[in-house]
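**Q** Quick one: structure below, then a few questions.
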Amino acid sequence: MKKFIKVISVIVCLTALASCKIDLEYEGGKIYTDKSPENSSMGYKTLRFGTSFASQVSSQNYVYIVDSSFDLGGASTAIGENSILKFTKNGSIKNGTVTFNNTYLDGDPCFRNVVFEGNLLNRTVNLSWFGPNRTVQEEKDATRKNTQIISEVLECMGDTLIVDGFYPVSSIINIKKSINLRSPDWNESLCTRTYDNPYEPTNGFYSTDGNNSIFKFFQYQDENGKDKVKGSMNMFGIYLKGNPEKYLNATKYETDESKLTCGVFLPWGGSLAAVYNCKFEGFTQGIRSLGGFIEKLQNTTFNACELGFYAIYASDFEVFSCKFTNCMPNYKLNVVPDVSGLRQVGCGFMIEGCGMVNCANNLFENNFINLIINEVAIIINISNNEFRNPVFNDIYVYNDYTYVRGPFYFTTGKEDMHRICIDNVVITENNFTRDKNALGKSFVMFANGYHALYNHGFIESDRTTNLIIANNDFIDKRPVVPEDEAIFVVSNKKELKSKITCNNNNFASTKANYYANLMDGSYGKFTFVNSSNKFPIGVSESKLYNNNSNVIVCE
């Protein structure tokens, strides 16, 4: 067992997960419940086949037994106030508009080709009740698309939608209220403290052609012209799929902002508090959070995206026991990338402008860059993670804003980000495993003043980086490495104060030839404070590459 020296104590509390199902809730005078209302004082009627449906359901406070198939013929029907629609196995309603009026659905509800209005008393409903299209061909042929059906159901119901199937979606679903999305096979016991989780989500939504996003929080302007956002969402056991082949093959693909796709797009003011046992696959960005509220992601997989999870200006959240795999940028892997035109980076998890982030017990494997930490990163804990075989490098820490993603990723707040820099980032107790060479020729890369993937542009003001790297194991299984490969790579412009405290790391198996490699064109000062690190023969803290200007200083 490794000896652990705590430089900054980061306490990770795994609190008990709240159940998705609550018996009673009040909202605006409505009572949402998962129990059928008491019907002893209500009228009771079995609906007669062959008689007008609308004429039979207009009375209030009734239990209506739906035991036959009713075709509304395109008509609109309002259900009597405070009534129950109780479906038998033979009951269904199709082809028209149904207006709920404090209506409770019971039994085996079955709607087909129906427009939904009004409000239900059910807190929890199954999506299959409402007749969503099951296949791409059904979605293509249907007059009513799944986005319309799902949006109407979300407006009518309480707060929990059981997603009991894998449904095609041909356009974005806007979230306008507080909802939970839950797979019927999910429960709290499926959350574990390790990324090696046997649960594989199969229920959710997929893009019909791989070129559209799935969920977006509703953005609007209030009466004063101010931008506002509605909605919050939790996800439990949900699978969102875009176009994985587009990213797994790593061929050149669309970089136009208007065609950027997301599993969930979370703007400033929205909330994606809990994401447990979910999967995001085949999007430009699995989760794109531009300042929205996040609480915890656990046992969730981001696979074959360009950027798995992008978080900017989000604070006080945890990414725990998740997997980030096969996240690649827009170039072919069998050639050296044209980095001068690189607009998007290919990364498992990108932390930018965030404070109080705990990233622990995760797996990062076969991403272009496994993890990126950028400006305004304050109190970031990176611990007990597995970092394996990046294409470029494992962790990339840099102080710059403009060049890494292209101007369209985020534009508001640029000036604020240029004033505040990385501080109190702790990288500890992680395993770095390598059996392939990486294009970046390092495990960790540090850059101040400009983006180190290519050498142009820099910020005039000083960029300060302060990190602690302690108690990590570097497991290098490669037979040989390039001559100039180092454990760390540094690029530095306009900086005199950056400091890395590097203690008790086990570099004993590394095949790298140098401790640190300085990129051409760097100047200023970048200080490594070292103690009790283990190295193979021929490598030590003093073995530096291309450090003629003494930018790297080891103490």
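Ligands are numbered from 1 in the order shown, residues from 1 within each chain, and chains are lettered A, B, ... in the order they appear in the structure tokens.
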Write out as a PDB file with all heavy atoms, in the first residue's frame all residues of region 139-325 of chain A that backbone DSSP assigns to helix (DSSP H, G or I).
**A**
ATOM      1  N   GLU A 139     -40.761   6.472 -36.335  1.00  0.00           N
ATOM      2  CA  GLU A 139     -40.545   7.904 -36.064  1.00  0.00           C
ATOM      3  C   GLU A 139     -40.569   8.701 -37.361  1.00  0.00           C
ATOM      4  O   GLU A 139     -41.137   9.803 -37.421  1.00  0.00           O
ATOM      5  CB  GLU A 139     -39.206   8.088 -35.339  1.00  0.00           C
ATOM      6  CG  GLU A 139     -38.795   9.526 -35.090  1.00  0.00           C
ATOM      7  CD  GLU A 139     -39.542  10.221 -33.963  1.00  0.00           C
ATOM      8  OE1 GLU A 139     -40.481   9.620 -33.389  1.00  0.00           O
ATOM      9  OE2 GLU A 139     -39.197  11.383 -33.668  1.00  0.00           O
ATOM     10  N   LYS A 140     -39.976   8.155 -38.386  1.00  0.00           N
ATOM     11  CA  LYS A 140     -39.943   8.836 -39.680  1.00  0.00           C
ATOM     12  C   LYS A 140     -41.338   8.956 -40.273  1.00  0.00           C
ATOM     13  O   LYS A 140     -41.706   9.998 -40.835  1.00  0.00           O
ATOM     14  CB  LYS A 140     -39.018   8.075 -40.635  1.00  0.00           C
ATOM     15  CG  LYS A 140     -38.894   8.697 -42.011  1.00  0.00           C
ATOM     16  CD  LYS A 140     -37.945   7.884 -42.898  1.00  0.00           C
ATOM     17  CE  LYS A 140     -37.855   8.483 -44.292  1.00  0.00           C
ATOM     18  NZ  LYS A 140     -36.944   7.701 -45.169  1.00  0.00           N
ATOM     19  N   ASP A 141     -42.142   7.903 -40.157  1.00  0.00           N
ATOM     20  CA  ASP A 141     -43.465   7.873 -40.788  1.00  0.00           C
ATOM     21  C   ASP A 141     -44.542   8.580 -39.969  1.00  0.00           C
ATOM     22  O   ASP A 141     -45.553   9.014 -40.524  1.00  0.00           O
ATOM     23  CB  ASP A 141     -43.904   6.424 -41.024  1.00  0.00           C
ATOM     24  CG  ASP A 141     -43.000   5.700 -42.021  1.00  0.00           C
ATOM     25  OD1 ASP A 141     -42.301   6.391 -42.776  1.00  0.00           O
ATOM     26  OD2 ASP A 141     -43.011   4.455 -42.018  1.00  0.00           O
ATOM     27  N   ASN A 146     -41.649  11.728 -31.561  1.00  0.00           N
ATOM     28  CA  ASN A 146     -41.429  11.435 -30.145  1.00  0.00           C
ATOM     29  C   ASN A 146     -41.146  12.681 -29.317  1.00  0.00           C
ATOM     30  O   ASN A 146     -41.520  12.760 -28.149  1.00  0.00           O
ATOM     31  CB  ASN A 146     -40.287  10.429 -29.982  1.00  0.00           C
ATOM     32  CG  ASN A 146     -40.756   9.002 -30.151  1.00  0.00           C
ATOM     33  OD1 ASN A 146     -41.962   8.725 -30.084  1.00  0.00           O
ATOM     34  ND2 ASN A 146     -39.834   8.082 -30.365  1.00  0.00           N
ATOM     35  N   THR A 147     -40.459  13.655 -29.910  1.00  0.00           N
ATOM     36  CA  THR A 147     -40.208  14.893 -29.168  1.00  0.00           C
ATOM     37  C   THR A 147     -41.522  15.550 -28.744  1.00  0.00           C
ATOM     38  O   THR A 147     -41.643  16.042 -27.611  1.00  0.00           O
ATOM     39  CB  THR A 147     -39.380  15.868 -30.022  1.00  0.00           C
ATOM     40  OG1 THR A 147     -38.104  15.288 -30.279  1.00  0.00           O
ATOM     41  CG2 THR A 147     -39.187  17.197 -29.310  1.00  0.00           C
ATOM     42  N   GLN A 148     -42.523  15.561 -29.616  1.00  0.00           N
ATOM     43  CA  GLN A 148     -43.830  16.130 -29.264  1.00  0.00           C
ATOM     44  C   GLN A 148     -44.491  15.325 -28.162  1.00  0.00           C
ATOM     45  O   GLN A 148     -45.021  15.882 -27.185  1.00  0.00           O
ATOM     46  CB  GLN A 148     -44.738  16.143 -30.499  1.00  0.00           C
ATOM     47  CG  GLN A 148     -44.271  17.046 -31.628  1.00  0.00           C
ATOM     48  CD  GLN A 148     -45.086  16.801 -32.892  1.00  0.00           C
ATOM     49  OE1 GLN A 148     -44.841  15.864 -33.654  1.00  0.00           O
ATOM     50  NE2 GLN A 148     -46.071  17.642 -33.109  1.00  0.00           N
ATOM     51  N   ILE A 149     -44.496  14.014 -28.307  1.00  0.00           N
ATOM     52  CA  ILE A 149     -45.148  13.150 -27.318  1.00  0.00           C
ATOM     53  C   ILE A 149     -44.492  13.302 -25.952  1.00  0.00           C
ATOM     54  O   ILE A 149     -45.174  13.518 -24.936  1.00  0.00           O
ATOM     55  CB  ILE A 149     -45.081  11.679 -27.782  1.00  0.00           C
ATOM     56  CG1 ILE A 149     -45.866  11.501 -29.086  1.00  0.00           C
ATOM     57  CG2 ILE A 149     -45.630  10.745 -26.702  1.00  0.00           C
ATOM     58  CD1 ILE A 149     -45.644  10.164 -29.759  1.00  0.00           C
ATOM     59  N   ILE A 150     -43.170  13.206 -25.917  1.00  0.00           N
ATOM     60  CA  ILE A 150     -42.452  13.282 -24.645  1.00  0.00           C
ATOM     61  C   ILE A 150     -42.638  14.646 -23.998  1.00  0.00           C
ATOM     62  O   ILE A 150     -42.861  14.751 -22.782  1.00  0.00           O
ATOM     63  CB  ILE A 150     -40.961  12.974 -24.870  1.00  0.00           C
ATOM     64  CG1 ILE A 150     -40.792  11.528 -25.332  1.00  0.00           C
ATOM     65  CG2 ILE A 150     -40.149  13.230 -23.604  1.00  0.00           C
ATOM     66  CD1 ILE A 150     -39.436  11.236 -25.948  1.00  0.00           C
ATOM     67  N   SER A 151     -42.563  15.708 -24.784  1.00  0.00           N
ATOM     68  CA  SER A 151     -42.726  17.060 -24.232  1.00  0.00           C
ATOM     69  C   SER A 151     -44.105  17.243 -23.611  1.00  0.00           C
ATOM     70  O   SER A 151     -44.241  17.843 -22.526  1.00  0.00           O
ATOM     71  CB  SER A 151     -42.499  18.106 -25.326  1.00  0.00           C
ATOM     72  OG  SER A 151     -41.175  18.032 -25.827  1.00  0.00           O
ATOM     73  N   GLU A 152     -45.144  16.749 -24.271  1.00  0.00           N
ATOM     74  CA  GLU A 152     -46.507  16.862 -23.727  1.00  0.00           C
ATOM     75  C   GLU A 152     -46.663  16.058 -22.441  1.00  0.00           C
ATOM     76  O   GLU A 152     -47.273  16.524 -21.477  1.00  0.00           O
ATOM     77  CB  GLU A 152     -47.514  16.396 -24.769  1.00  0.00           C
ATOM     78  CG  GLU A 152     -47.643  17.332 -25.961  1.00  0.00           C
ATOM     79  CD  GLU A 152     -48.426  16.733 -27.105  1.00  0.00           C
ATOM     80  OE1 GLU A 152     -48.979  15.626 -26.944  1.00  0.00           O
ATOM     81  OE2 GLU A 152     -48.499  17.377 -28.170  1.00  0.00           O
ATOM     82  N   VAL A 153     -46.100  14.854 -22.431  1.00  0.00           N
ATOM     83  CA  VAL A 153     -46.194  14.016 -21.233  1.00  0.00           C
ATOM     84  C   VAL A 153     -45.490  14.679 -20.058  1.00  0.00           C
ATOM     85  O   VAL A 153     -46.008  14.701 -18.939  1.00  0.00           O
ATOM     86  CB  VAL A 153     -45.599  12.621 -21.514  1.00  0.00           C
ATOM     87  CG1 VAL A 153     -45.485  11.812 -20.227  1.00  0.00           C
ATOM     88  CG2 VAL A 153     -46.448  11.867 -22.525  1.00  0.00           C
ATOM     89  N   LEU A 154     -44.310  15.245 -20.300  1.00  0.00           N
ATOM     90  CA  LEU A 154     -43.577  15.917 -19.227  1.00  0.00           C
ATOM     91  C   LEU A 154     -44.374  17.081 -18.652  1.00  0.00           C
ATOM     92  O   LEU A 154     -44.341  17.337 -17.444  1.00  0.00           O
ATOM     93  CB  LEU A 154     -42.228  16.414 -19.747  1.00  0.00           C
ATOM     94  CG  LEU A 154     -41.202  15.343 -20.143  1.00  0.00           C
ATOM     95  CD1 LEU A 154     -39.942  15.996 -20.697  1.00  0.00           C
ATOM     96  CD2 LEU A 154     -40.866  14.444 -18.974  1.00  0.00           C
ATOM     97  N   GLU A 155     -45.098  17.793 -19.506  1.00  0.00           N
ATOM     98  CA  GLU A 155     -45.896  18.926 -19.036  1.00  0.00           C
ATOM     99  C   GLU A 155     -47.090  18.469 -18.210  1.00  0.00           C
ATOM    100  O   GLU A 155     -47.498  19.137 -17.271  1.00  0.00           O
ATOM    101  CB  GLU A 155     -46.373  19.752 -20.230  1.00  0.00           C
ATOM    102  CG  GLU A 155     -45.301  20.615 -20.854  1.00  0.00           C
ATOM    103  CD  GLU A 155     -44.765  21.660 -19.890  1.00  0.00           C
ATOM    104  OE1 GLU A 155     -45.581  22.468 -19.375  1.00  0.00           O
ATOM    105  OE2 GLU A 155     -43.564  21.658 -19.626  1.00  0.00           O
ATOM    106  N   CYS A 156     -47.647  17.321 -18.542  1.00  0.00           N
ATOM    107  CA  CYS A 156     -48.865  16.855 -17.863  1.00  0.00           C
ATOM    108  C   CYS A 156     -48.599  16.173 -16.529  1.00  0.00           C
ATOM    109  O   CYS A 156     -49.388  16.295 -15.592  1.00  0.00           O
ATOM    110  CB  CYS A 156     -49.630  15.873 -18.762  1.00  0.00           C
ATOM    111  SG  CYS A 156     -50.360  16.600 -20.241  1.00  0.00           S
ATOM    112  N   GLU A 188     -31.342   2.157  -6.199  1.00  0.00           N
ATOM    113  CA  GLU A 188     -30.194   2.757  -5.527  1.00  0.00           C
ATOM    114  C   GLU A 188     -29.040   1.778  -5.303  1.00  0.00           C
ATOM    115  O   GLU A 188     -27.878   2.160  -5.269  1.00  0.00           O
ATOM    116  CB  GLU A 188     -30.624   3.341  -4.172  1.00  0.00           C
ATOM    117  CG  GLU A 188     -31.525   4.550  -4.256  1.00  0.00           C
ATOM    118  CD  GLU A 188     -33.004   4.171  -4.316  1.00  0.00           C
ATOM    119  OE1 GLU A 188     -33.311   3.010  -4.690  1.00  0.00           O
ATOM    120  OE2 GLU A 188     -33.848   5.024  -4.002  1.00  0.00           O
ATOM    121  N   SER A 189     -29.357   0.485  -5.176  1.00  0.00           N
ATOM    122  CA  SER A 189     -28.313  -0.506  -4.893  1.00  0.00           C
ATOM    123  C   SER A 189     -27.341  -0.669  -6.060  1.00  0.00           C
ATOM    124  O   SER A 189     -26.250  -1.220  -5.892  1.00  0.00           O
ATOM    125  CB  SER A 189     -28.952  -1.858  -4.569  1.00  0.00           C
ATOM    126  OG  SER A 189     -29.594  -2.404  -5.706  1.00  0.00           O
ATOM    127  N   LEU A 190     -27.715  -0.188  -7.247  1.00  0.00           N
ATOM    128  CA  LEU A 190     -26.848  -0.318  -8.422  1.00  0.00           C
ATOM    129  C   LEU A 190     -25.693   0.676  -8.404  1.00  0.00           C
ATOM    130  O   LEU A 190     -24.750   0.544  -9.187  1.00  0.00           O
ATOM    131  CB  LEU A 190     -27.675  -0.138  -9.697  1.00  0.00           C
ATOM    132  CG  LEU A 190     -28.732  -1.219  -9.944  1.00  0.00           C
ATOM    133  CD1 LEU A 190     -29.644  -0.820 -11.093  1.00  0.00           C
ATOM    134  CD2 LEU A 190     -28.080  -2.563 -10.221  1.00  0.00           C
ATOM    135  N   PRO A 244     -21.898   6.982 -32.337  1.00  0.00           N
ATOM    136  CA  PRO A 244     -20.587   6.544 -31.847  1.00  0.00           C
ATOM    137  C   PRO A 244     -19.569   6.290 -32.945  1.00  0.00           C
ATOM    138  O   PRO A 244     -18.377   6.578 -32.771  1.00  0.00           O
ATOM    139  CB  PRO A 244     -20.908   5.245 -31.096  1.00  0.00           C
ATOM    140  CG  PRO A 244     -22.360   5.311 -30.785  1.00  0.00           C
ATOM    141  CD  PRO A 244     -22.982   6.101 -31.882  1.00  0.00           C
ATOM    142  N   GLU A 245     -19.991   5.758 -34.078  1.00  0.00           N
ATOM    143  CA  GLU A 245     -19.045   5.423 -35.142  1.00  0.00           C
ATOM    144  C   GLU A 245     -18.295   6.649 -35.654  1.00  0.00           C
ATOM    145  O   GLU A 245     -17.144   6.561 -36.080  1.00  0.00           O
ATOM    146  CB  GLU A 245     -19.785   4.744 -36.300  1.00  0.00           C
ATOM    147  CG  GLU A 245     -20.298   3.361 -35.959  1.00  0.00           C
ATOM    148  CD  GLU A 245     -19.189   2.415 -35.537  1.00  0.00           C
ATOM    149  OE1 GLU A 245     -18.124   2.430 -36.197  1.00  0.00           O
ATOM    150  OE2 GLU A 245     -19.361   1.686 -34.552  1.00  0.00           O
ATOM    151  N   LYS A 246     -18.938   7.773 -35.573  1.00  0.00           N
ATOM    152  CA  LYS A 246     -18.325   9.021 -36.025  1.00  0.00           C
ATOM    153  C   LYS A 246     -17.062   9.332 -35.226  1.00  0.00           C
ATOM    154  O   LYS A 246     -16.087   9.893 -35.738  1.00  0.00           O
ATOM    155  CB  LYS A 246     -19.353  10.137 -35.860  1.00  0.00           C
ATOM    156  CG  LYS A 246     -18.941  11.506 -36.332  1.00  0.00           C
ATOM    157  CD  LYS A 246     -20.128  12.433 -36.145  1.00  0.00           C
ATOM    158  CE  LYS A 246     -19.840  13.824 -36.661  1.00  0.00           C
ATOM    159  NZ  LYS A 246     -20.996  14.724 -36.489  1.00  0.00           N
ATOM    160  N   TYR A 247     -17.057   8.943 -33.946  1.00  0.00           N
ATOM    161  CA  TYR A 247     -15.946   9.269 -33.058  1.00  0.00           C
ATOM    162  C   TYR A 247     -15.004   8.087 -32.855  1.00  0.00           C
ATOM    163  O   TYR A 247     -13.793   8.261 -32.723  1.00  0.00           O
ATOM    164  CB  TYR A 247     -16.489   9.781 -31.725  1.00  0.00           C
ATOM    165  CG  TYR A 247     -17.374  10.988 -31.910  1.00  0.00           C
ATOM    166  CD1 TYR A 247     -18.747  10.844 -32.071  1.00  0.00           C
ATOM    167  CD2 TYR A 247     -16.835  12.259 -32.003  1.00  0.00           C
ATOM    168  CE1 TYR A 247     -19.566  11.941 -32.290  1.00  0.00           C
ATOM    169  CE2 TYR A 247     -17.640  13.368 -32.228  1.00  0.00           C
ATOM    170  CZ  TYR A 247     -19.004  13.202 -32.365  1.00  0.00           C
ATOM    171  OH  TYR A 247     -19.799  14.290 -32.597  1.00  0.00           O
ATOM    172  N   LEU A 248     -15.544   6.879 -32.844  1.00  0.00           N
ATOM    173  CA  LEU A 248     -14.688   5.709 -32.691  1.00  0.00           C
ATOM    174  C   LEU A 248     -13.712   5.585 -33.855  1.00  0.00           C
ATOM    175  O   LEU A 248     -12.571   5.198 -33.684  1.00  0.00           O
ATOM    176  CB  LEU A 248     -15.546   4.438 -32.590  1.00  0.00           C
ATOM    177  CG  LEU A 248     -16.219   4.186 -31.245  1.00  0.00           C
ATOM    178  CD1 LEU A 248     -17.140   2.975 -31.339  1.00  0.00           C
ATOM    179  CD2 LEU A 248     -15.195   3.968 -30.146  1.00  0.00           C
ATOM    180  N   GLU A 257     -20.479  25.141 -35.402  1.00  0.00           N
ATOM    181  CA  GLU A 257     -21.171  25.304 -34.120  1.00  0.00           C
ATOM    182  C   GLU A 257     -22.627  24.871 -34.192  1.00  0.00           C
ATOM    183  O   GLU A 257     -23.153  24.250 -33.272  1.00  0.00           O
ATOM    184  CB  GLU A 257     -21.097  26.766 -33.666  1.00  0.00           C
ATOM    185  CG  GLU A 257     -21.853  27.025 -32.367  1.00  0.00           C
ATOM    186  CD  GLU A 257     -21.851  28.498 -32.005  1.00  0.00           C
ATOM    187  OE1 GLU A 257     -21.427  29.322 -32.842  1.00  0.00           O
ATOM    188  OE2 GLU A 257     -22.270  28.823 -30.893  1.00  0.00           O
ATOM    189  N   SER A 258     -23.297  25.184 -35.285  1.00  0.00           N
ATOM    190  CA  SER A 258     -24.723  24.885 -35.404  1.00  0.00           C
ATOM    191  C   SER A 258     -24.987  23.388 -35.459  1.00  0.00           C
ATOM    192  O   SER A 258     -26.118  22.949 -35.245  1.00  0.00           O
ATOM    193  CB  SER A 258     -25.302  25.554 -36.656  1.00  0.00           C
ATOM    194  OG  SER A 258     -24.729  25.000 -37.830  1.00  0.00           O
ATOM    195  N   LYS A 259     -23.943  22.599 -35.719  1.00  0.00           N
ATOM    196  CA  LYS A 259     -24.117  21.150 -35.815  1.00  0.00           C
ATOM    197  C   LYS A 259     -23.480  20.408 -34.645  1.00  0.00           C
ATOM    198  O   LYS A 259     -23.352  19.193 -34.673  1.00  0.00           O
ATOM    199  CB  LYS A 259     -23.548  20.655 -37.140  1.00  0.00           C
ATOM    200  CG  LYS A 259     -24.295  21.227 -38.337  1.00  0.00           C
ATOM    201  CD  LYS A 259     -23.752  20.692 -39.644  1.00  0.00           C
ATOM    202  CE  LYS A 259     -24.532  21.298 -40.813  1.00  0.00           C
ATOM    203  NZ  LYS A 259     -24.022  20.817 -42.127  1.00  0.00           N
TER     204      LYS A 259
END
**Q** Give me, as JSON, numbers by chain, the residues of region 191-387 of chain A that a backbone DSSP run labels strand (DSSP E or B).
**A** {"A": [204, 205, 206, 207, 215, 216, 217, 218, 219, 220, 221, 227, 228, 229, 230, 232, 233, 234, 235, 236, 239, 240, 241, 262, 263, 264, 265, 266, 267, 271, 272, 273, 274, 275, 276, 279, 280, 281, 285, 286, 287, 288, 289, 290, 291, 293, 294, 295, 296, 297, 298, 301, 302, 303, 307, 308, 309, 310, 311, 312, 315, 316, 317, 318, 319, 320, 323, 324, 325, 347, 348, 349, 350, 351, 352, 355, 356, 357, 358, 359, 360, 363, 364, 365, 369, 370, 371, 372, 373, 378, 379, 380, 381, 382, 383, 386, 387]}
**Q** With a distance cut-off of 8 Å and only C-alpha atoms, select the neighbouring residues of Lys279 (chain A), excluding the residue or stretch itself and same-chain residues fewer than 6 positions from it, and output the selection as a list in words.
**A**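 Residues meeting the cut-off are Pro201, Gly237, Ile238, Tyr239, Leu240, Lys241, Thr300, Thr301, Phe302 and Asn303 of chain A.
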**Q** Tell me, in Å to one decimal, how far CA of Phe474 (chain A) is from CA of Gly353 (chain A).
**A**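 Separation of CA of Phe474 (chain A) and CA of Gly353 (chain A): 28.0 Å.
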**Q** Please compute the CA of Phe392 (chain A)-CA of Ile487 (chain A) distance, one decimal, in Å.
**A**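 Atom-to-atom, CA of Phe392 (chain A) and CA of Ile487 (chain A) are spaced 13.1 Å apart.
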**Q** Which residue gives the smallest distance to Asp484 (chain A) among A:Ala512, A:Val553, A:Met445, A:Cys327, with only C-alpha atoms counted?
**A** A:Ala512
**Q** Of the residues A:Asp67, A:Glu429, A:Glu138, A:Asp473, which is the one nearest to Thr88 (chain A), using only C-alpha atoms?
**A**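 Among the listed residues, the smallest separation from Thr88 (chain A) belongs to A:Asp67.
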**Q** Residues near Phe217 (chain A), anyone? I mean within 10 Å using only C-alpha atoms, not counting same-chain ones fewer than 6 positions away, as a list of chain:residue names.
**A**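 Final neighbour list, sorted by chain and number: A:Ile172, A:Ile173, A:Asn174, A:Ile175, A:Lys176, A:Lys177, A:Val229, A:Lys230, A:Gly231, A:Ser232, A:Met233, A:Val264, A:Phe265, A:Leu266, A:Pro267, A:Trp268, A:Gly269, A:Gly270, A:Ser271, A:Leu272, A:Gly292.
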**Q** Would you compute the distance between CA of Phe218 (chain A) and CA of Glu306 (chain A)? Give it in Å to one decimal.
**A** 24.1 Å
**Q** At a cut-off of 8 Å, using only C-alpha atoms, what residues contact Asp159 (chain A)? Leave out same-chain residues fewer than 4 positions from it and give the result as a ChimeraX atom specification.
**A** /A:123-124,154,178-180
**Q** Just checking: using only C-alpha atoms, which residue out of A:Asn367, A:Asn358, A:Ser509, A:Asn492 ends up closest to Gly308 (chain A)?
**A**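 Answer, going by the shortest atom-to-atom distance: A:Asn367.
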**Q** Which of these, A:Leu105, A:Ile79, A:Val345, A:Met350, has the shortest distance to Tyr32 (chain A) once you count only C-alpha atoms?
**A**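 The shortest atom-to-atom distance to Tyr32 (chain A) comes from A:Leu105.
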**Q** Quick one: everything within 8 Å of Lys497 (chain A), counting only C-alpha atoms, minus sequence neighbours fewer than 5 positions away in the same chain. Send it as a compact mmCIF listing (two decimals) with C-alpha atoms, in the first residue's frame.
**A**
# COMPACT_ATOMS: atom_id res chain seq x y z
CA THR A 464 -0.04 31.47 -12.31
CA THR A 465 -0.32 27.73 -11.87
CA LYS A 525 10.01 30.50 -14.63
CA PHE A 526 8.30 27.21 -13.70
CA THR A 527 9.38 25.69 -10.37
**Q** Which residue is closest to Phe446 (chain A)? Choose from A:Leu181, A:Ile475, A:Val425, A:Val397 and count only C-alpha atoms.
**A**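 Selected residue with least distance to Phe446 (chain A): A:Val397.
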**Q** Which is closer to Phe111 (chain A) than all the others in A:Ser183, A:Ser69, A:Asn243, A:Ser83, using only C-alpha atoms?
**A**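 Checking each of A:Ser183, A:Ser69, A:Asn243, A:Ser83 against Phe111 (chain A), counting only C-alpha atoms, the winner is A:Ser69.
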**Q** Determine, counting only C-alpha atoms, which protein, DNA and RNA residues have an atom within 8 Å of an atom of Val57 (chain A); residues of the same chain fewer than 4 positions away are not included. Present the result as a ChimeraX atom specification.
**A** /A:53,64,78-80
**Q** So that I have them on file, write out the residues from the current selection with all heavy atoms, as a compact mmCIF listing (two decimals), in the first residue's frame.
**A**
# COMPACT_ATOMS: atom_id res chain seq x y z
N PHE A 53 -67.02 8.23 -26.73
CA PHE A 53 -66.12 8.28 -25.57
C PHE A 53 -66.31 9.58 -24.79
O PHE A 53 -66.43 9.59 -23.56
CB PHE A 53 -64.67 8.14 -26.03
CG PHE A 53 -63.67 8.19 -24.92
CD1 PHE A 53 -63.43 7.08 -24.13
CD2 PHE A 53 -62.93 9.36 -24.66
CE1 PHE A 53 -62.50 7.12 -23.09
CE2 PHE A 53 -62.02 9.41 -23.63
CZ PHE A 53 -61.79 8.29 -22.85
N TYR A 64 -63.45 5.76 -14.24
CA TYR A 64 -63.86 5.30 -15.57
C TYR A 64 -63.03 4.07 -15.94
O TYR A 64 -61.80 4.15 -16.03
CB TYR A 64 -63.66 6.40 -16.61
CG TYR A 64 -64.55 7.60 -16.40
CD1 TYR A 64 -64.00 8.82 -15.99
CD2 TYR A 64 -65.92 7.52 -16.61
CE1 TYR A 64 -64.82 9.93 -15.80
CE2 TYR A 64 -66.74 8.62 -16.42
CZ TYR A 64 -66.19 9.82 -16.02
OH TYR A 64 -66.99 10.93 -15.83
N ALA A 78 -62.32 16.14 -23.13
CA ALA A 78 -61.89 16.57 -21.80
C ALA A 78 -62.41 15.57 -20.77
O ALA A 78 -63.59 15.25 -20.73
CB ALA A 78 -62.41 17.97 -21.50
N ILE A 79 -61.50 15.08 -19.93
CA ILE A 79 -61.89 14.15 -18.87
C ILE A 79 -62.47 14.95 -17.71
O ILE A 79 -61.95 16.00 -17.33
CB ILE A 79 -60.67 13.33 -18.39
CG1 ILE A 79 -59.94 12.69 -19.58
CG2 ILE A 79 -61.10 12.27 -17.39
CD1 ILE A 79 -60.79 11.76 -20.41
N GLY A 80 -63.56 14.44 -17.13
CA GLY A 80 -64.19 15.12 -15.99
C GLY A 80 -63.20 15.34 -14.85
O GLY A 80 -62.32 14.50 -14.59
